[in-house]
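What follows is a short report on a single structure.
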Amino acid sequence: MPLDTKSPARPVNLSRRGFLASGAALVLATALPLRPARGQQGEAPAVQTLLELRPDGTALLRSPFVEGGQGIFTAMVQIVAEELDLAPEAFTVEIAAPGAGAALTGGSASTRSSYDRMRQLGASARAMLMQAAANDWGVAVSELSTEPGAVLHDGSGRRAGYGELAAAAMDLEVPATVALRDPATFRWIGSPVPRIDVRDKSIGRAKYAIDAEVEGMLLAAVQHAPRLGLTPSGIVNRAEVEAMRGVHSVHLLDGAVAVVAERFWQARRAVEAAEVTWAEGTAEWPMPADFSSAGFRDALAGDTGEPVEVEARGDVAAALDAADTVIEAVYDAPFLVHGQMEPPSTIARFNDDGTLDLWLPNQSPAQFRAAAAEAAGIDPSQVRINSQTLGGFFGRHFLYRTANPFPQAIALARATGRPVKLIWTREEDFLRDAPRPLGVARFRGVVGPDGPVALEAVTIGEGPTQRWYGAPAGADVSAHEGISGKSYDIANTFVGQVPHANPAVVGYWRSVGHSMHDFMYEGFLDELAVSGGLDPYEMRLAMLAGNERLRTLLTRVGELSGGWRPGPFDAGDGTTRARGVAMASPFGSEVATIAEVSLDRGRVRVHDIWTAIDPGRIVNPAVIEAQVQSATALGVSQTLLEELVYENGEPTARNFDRYPFLAMYDMPEVHVAIIESGAEMGGVGEPGLPAVAPAIVNAVARLTGIRVRSLPLSRHDFG
């Protein structure tokens, strides 16, 4: 019997439907009505969360979301535990079983999209346990209360653990309505409950896709064509490769050569020894042989096409025409790799009944299931996606058609007649990653004595939502967010997009369009402040008149930093420093950031980052702070160092030796203030990143007088 996804948050009792193989005595399920994925038309399909209460008093939560370091398992436990009245340490969490329904994990949406239903799930289970106790003791439910893990009857002193009551509760109907706790009485929601997955990760017990094994499997490695669009026409030394130790077979695939062996290192050595001849193939998005990131940047900057309107207010054209001085600037940001810790892998196994099992890292099981069925030529109902804990993701494990190994693993499993585990090395991951798009934006603005009076911003390019979901220009939020959606009070504004196809296979990257567009907008805003002789911090405060939430946020980050101090100033340690400020509004949350920098032998050094974040409502402040810390690290890294360069249609970096990223000794001190304004709950996994780059760049401009409009900073000479 399927869940009624139209009913208002009422869970379903599955205890009597054959779900007891796990040893659970009470099993409740609730359907989460999720936000559609970016570009997805209509409503997203509801997915199922299961709560199992066991005879020993412990609970198992089966999550439709995938844990990848963002702390979602802990947050879900806190929410359910609060209403159930069961200590978080009594829970374990597993990813939903194949076929149970699983959600898209991304967009900083997991907690905020499931919060209300998870509370309802916990409260319903508690009510059923209390009813079971009332029936057993012959008393009214109103006479009962609970303590963590037990039902109490104060009148008689009786006490029964949840494990004792679970079997009786399984025969009860789920109540139509239940009372939720007053937030003022919360014990776990809003508290820094320790992450429930930290110990297993620390001692090596946590299992990822790269750790997965199935009986009888072979191991495989691939060598991709150096440029997307080429395909193998032959292997000069094929006989030699086939004769290497441990090699089972050699295969020519679309755009790659694969070696299958008894062990992975045997497969890797053999495939790297293969002397492959490449020819032009029939790829969906072949890279032009003369493509370069520098040339593409110039092409975007030179595209003077008519922009599609995204936002408009007042009459920006008239304001620009009437101004004596118009400030103009062009900003750009580079391609970036995901660089997640765990490289992609897939185990593919065809079963005797014709079904296909896949073990792989992914952020969207339903999409992978459909794509795998197409690749295998079978019905989606015959495919099981065994989702694994992610070893980092940052948007890497969405369904990018040329950037995932599962089609290759499926082909190899079919060709060999055995399960095959394919692992992409870091080099192959770099070669076939779907990087963050290179982006360009043009700005024109006018500033008066009190701040900007006109601002025109036009992005040029293609966002990942247009690429993968066909979102039209202007409606593709990923192509302009961070420039659109700003809350500053400017009388005349225009935001538009000039669509320009990207030859590279682009993807979502942590904070998506915000990761570069906030750098551009907030940098240009500082340019207007300088032109008008205004303090950038005070100017922003004035532009937020009437927006108490954002004024409070900006004031708080100023206080957190010890008071706004733009500089340059002597830090007392022999360095001269300056500060920059920026704001961002990503994924339903609000962020304000201040950065403090100096120069070290002509190189920018970031000493401190202060960030105030308002996610509306808080589940776990420790998780929020950790996410801001990690987002800051990535934000500093992309600002100072990161850039994926293409030449002759190929990425020049094939590993981290040619793709520098932030070293531990360059990590600044990060200071975080969390504000709970009570607004609708926003995300926390990505919002800490977008304001970092503009805060740093604005500080550098204050310190050096050099306005940087192109990242990363390592490409610029500061003397």
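For the structure tokens, the naming scheme is as follows: chains receive sequential letters (A, B, ...) according to their order of presentation, residues are indexed from 1 within each chain, and ligands are indexed from 1 in presentation order.
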
List every residue of region 574-666 of chain A that has an atom at most 12 Å from any atom of region 430-435 of chain A, giving for each one its closest atom pair and the distance in Å to one decimal, counting only C-alpha atoms, sorted by chain and then by ascending residue number, as a tab-separated table.
```
residue	atom	partner	partner_atom	distance
A:Glu642	CA	A:Pro435	CA	11.8
A:Glu643	CA	A:Pro435	CA	10.1
A:Leu644	CA	A:Pro435	CA	8.1
A:Val645	CA	A:Pro435	CA	10.8
A:Tyr646	CA	A:Leu431	CA	10.6
A:Gly649	CA	A:Leu431	CA	10.9
A:Glu650	CA	A:Leu431	CA	7.8
A:Pro651	CA	A:Leu431	CA	6.6
A:Thr652	CA	A:Leu431	CA	9.0
A:Ala653	CA	A:Phe430	CA	7.2
A:Arg654	CA	A:Phe430	CA	5.3
A:Asn655	CA	A:Phe430	CA	6.5
A:Phe656	CA	A:Phe430	CA	9.1
A:Asp657	CA	A:Phe430	CA	11.6
A:Arg658	CA	A:Phe430	CA	10.8
A:Tyr659	CA	A:Phe430	CA	9.8
```

**OP:** Please identify all polymer residues within 12 Å of Gly377 (chain A), counting only C-alpha atoms, omitting same-chain residues fewer than 2 positions from it, and present them as a ChimeraX atom specification.
**Re:** /A:354-356,369-375,379-383,407,410-411,414

Would you output that residue set with N, CA, C and O atoms, as a compact mmCIF listing (two decimals), in the first residue's frame?
```
# COMPACT_ATOMS: atom_id res chain seq x y z
N GLY A 354 17.39 -10.93 -14.10
CA GLY A 354 17.41 -9.85 -15.07
C GLY A 354 17.48 -8.46 -14.47
O GLY A 354 17.55 -7.47 -15.20
N THR A 355 17.47 -8.38 -13.15
CA THR A 355 17.56 -7.08 -12.50
C THR A 355 19.02 -6.63 -12.42
O THR A 355 19.95 -7.44 -12.59
N LEU A 356 19.20 -5.36 -12.16
CA LEU A 356 20.53 -4.76 -12.09
C LEU A 356 20.69 -4.04 -10.77
O LEU A 356 19.85 -3.21 -10.40
N ARG A 369 18.63 6.01 -11.36
CA ARG A 369 17.92 4.77 -11.68
C ARG A 369 17.40 4.81 -13.11
O ARG A 369 17.56 3.83 -13.87
N ALA A 370 16.79 5.92 -13.49
CA ALA A 370 16.26 6.04 -14.84
C ALA A 370 17.37 6.00 -15.89
O ALA A 370 17.25 5.33 -16.93
N ALA A 371 18.48 6.69 -15.61
CA ALA A 371 19.60 6.71 -16.56
C ALA A 371 20.27 5.35 -16.67
O ALA A 371 20.68 4.92 -17.76
N ALA A 372 20.38 4.64 -15.54
CA ALA A 372 20.98 3.31 -15.57
C ALA A 372 20.11 2.33 -16.35
O ALA A 372 20.61 1.48 -17.09
N ALA A 373 18.79 2.44 -16.19
CA ALA A 373 17.89 1.58 -16.95
C ALA A 373 18.04 1.81 -18.44
O ALA A 373 18.06 0.86 -19.25
N GLU A 374 18.17 3.08 -18.83
CA GLU A 374 18.37 3.39 -20.25
C GLU A 374 19.69 2.81 -20.75
O GLU A 374 19.75 2.24 -21.84
N ALA A 375 20.75 2.95 -19.94
CA ALA A 375 22.05 2.43 -20.35
C ALA A 375 22.03 0.91 -20.48
O ALA A 375 22.70 0.34 -21.34
N ASP A 379 13.85 -1.96 -17.90
CA ASP A 379 12.88 -1.06 -17.28
C ASP A 379 13.44 -0.53 -15.96
O ASP A 379 14.15 -1.26 -15.24
N PRO A 380 13.14 0.72 -15.62
CA PRO A 380 13.63 1.25 -14.34
C PRO A 380 13.25 0.41 -13.12
O PRO A 380 13.97 0.39 -12.13
N SER A 381 12.12 -0.29 -13.19
CA SER A 381 11.71 -1.13 -12.06
C SER A 381 12.68 -2.28 -11.82
O SER A 381 12.66 -2.90 -10.75
N GLN A 382 13.53 -2.57 -12.79
CA GLN A 382 14.50 -3.65 -12.66
C GLN A 382 15.86 -3.18 -12.15
O GLN A 382 16.79 -3.97 -12.05
N VAL A 383 15.96 -1.90 -11.83
CA VAL A 383 17.22 -1.33 -11.36
C VAL A 383 17.11 -0.97 -9.88
O VAL A 383 16.15 -0.32 -9.45
N PRO A 407 27.61 4.06 -16.54
CA PRO A 407 27.36 3.43 -17.85
C PRO A 407 28.49 2.51 -18.28
O PRO A 407 28.25 1.46 -18.90
N ILE A 410 28.24 -0.73 -16.22
CA ILE A 410 27.15 -1.57 -16.74
C ILE A 410 27.61 -2.32 -17.99
O ILE A 410 27.39 -3.54 -18.13
N ALA A 411 28.27 -1.61 -18.90
CA ALA A 411 28.75 -2.25 -20.13
C ALA A 411 29.77 -3.34 -19.83
O ALA A 411 29.76 -4.42 -20.45
N ARG A 414 28.10 -6.45 -18.25
CA ARG A 414 27.40 -7.23 -19.28
C ARG A 414 28.39 -7.99 -20.16
O ARG A 414 28.18 -9.16 -20.50
```

Subject >> Test item: residues at most 7 Å from Gly474 (chain A), only C-alpha atoms, excluding those fewer than 4 positions along its chain, as a ChimeraX atom specification >> reply: /A:308-310,496-497

For the selection just defined, write its residues with N, CA, C and O atoms to a file, as a PDB file, in the first residue's frame.
```pdb
ATOM      1  N   VAL A 308      18.218  38.965 -21.687  1.00  0.00           N
ATOM      2  CA  VAL A 308      16.877  38.601 -21.251  1.00  0.00           C
ATOM      3  C   VAL A 308      16.682  39.169 -19.850  1.00  0.00           C
ATOM      4  O   VAL A 308      17.516  38.972 -18.971  1.00  0.00           O
ATOM      5  N   GLU A 309      15.596  39.875 -19.648  1.00  0.00           N
ATOM      6  CA  GLU A 309      15.357  40.493 -18.339  1.00  0.00           C
ATOM      7  C   GLU A 309      15.108  39.448 -17.258  1.00  0.00           C
ATOM      8  O   GLU A 309      14.341  38.511 -17.437  1.00  0.00           O
ATOM      9  N   VAL A 310      15.777  39.631 -16.119  1.00  0.00           N
ATOM     10  CA  VAL A 310      15.572  38.798 -14.941  1.00  0.00           C
ATOM     11  C   VAL A 310      14.858  39.598 -13.853  1.00  0.00           C
ATOM     12  O   VAL A 310      13.880  39.146 -13.263  1.00  0.00           O
ATOM     13  N   GLY A 496      19.979  41.144 -16.032  1.00  0.00           N
ATOM     14  CA  GLY A 496      19.642  40.364 -17.207  1.00  0.00           C
ATOM     15  C   GLY A 496      20.668  39.276 -17.482  1.00  0.00           C
ATOM     16  O   GLY A 496      21.725  39.221 -16.841  1.00  0.00           O
ATOM     17  N   GLN A 497      20.353  38.410 -18.430  1.00  0.00           N
ATOM     18  CA  GLN A 497      21.264  37.341 -18.840  1.00  0.00           C
ATOM     19  C   GLN A 497      21.337  37.287 -20.357  1.00  0.00           C
ATOM     20  O   GLN A 497      20.311  37.294 -21.038  1.00  0.00           O
TER      21      GLN A 497
END
```

**OP:** Can you list, as a PyMOL selection string, all residues belonging to region 299-527 of chain A that DSSP tags as strand (DSSP E or B)?
**Re:** chain A and resi 308-313+327-333+335-336+345-350+356-360+383-387+389+420-423+436+439-448+451-461+481+484+492-499
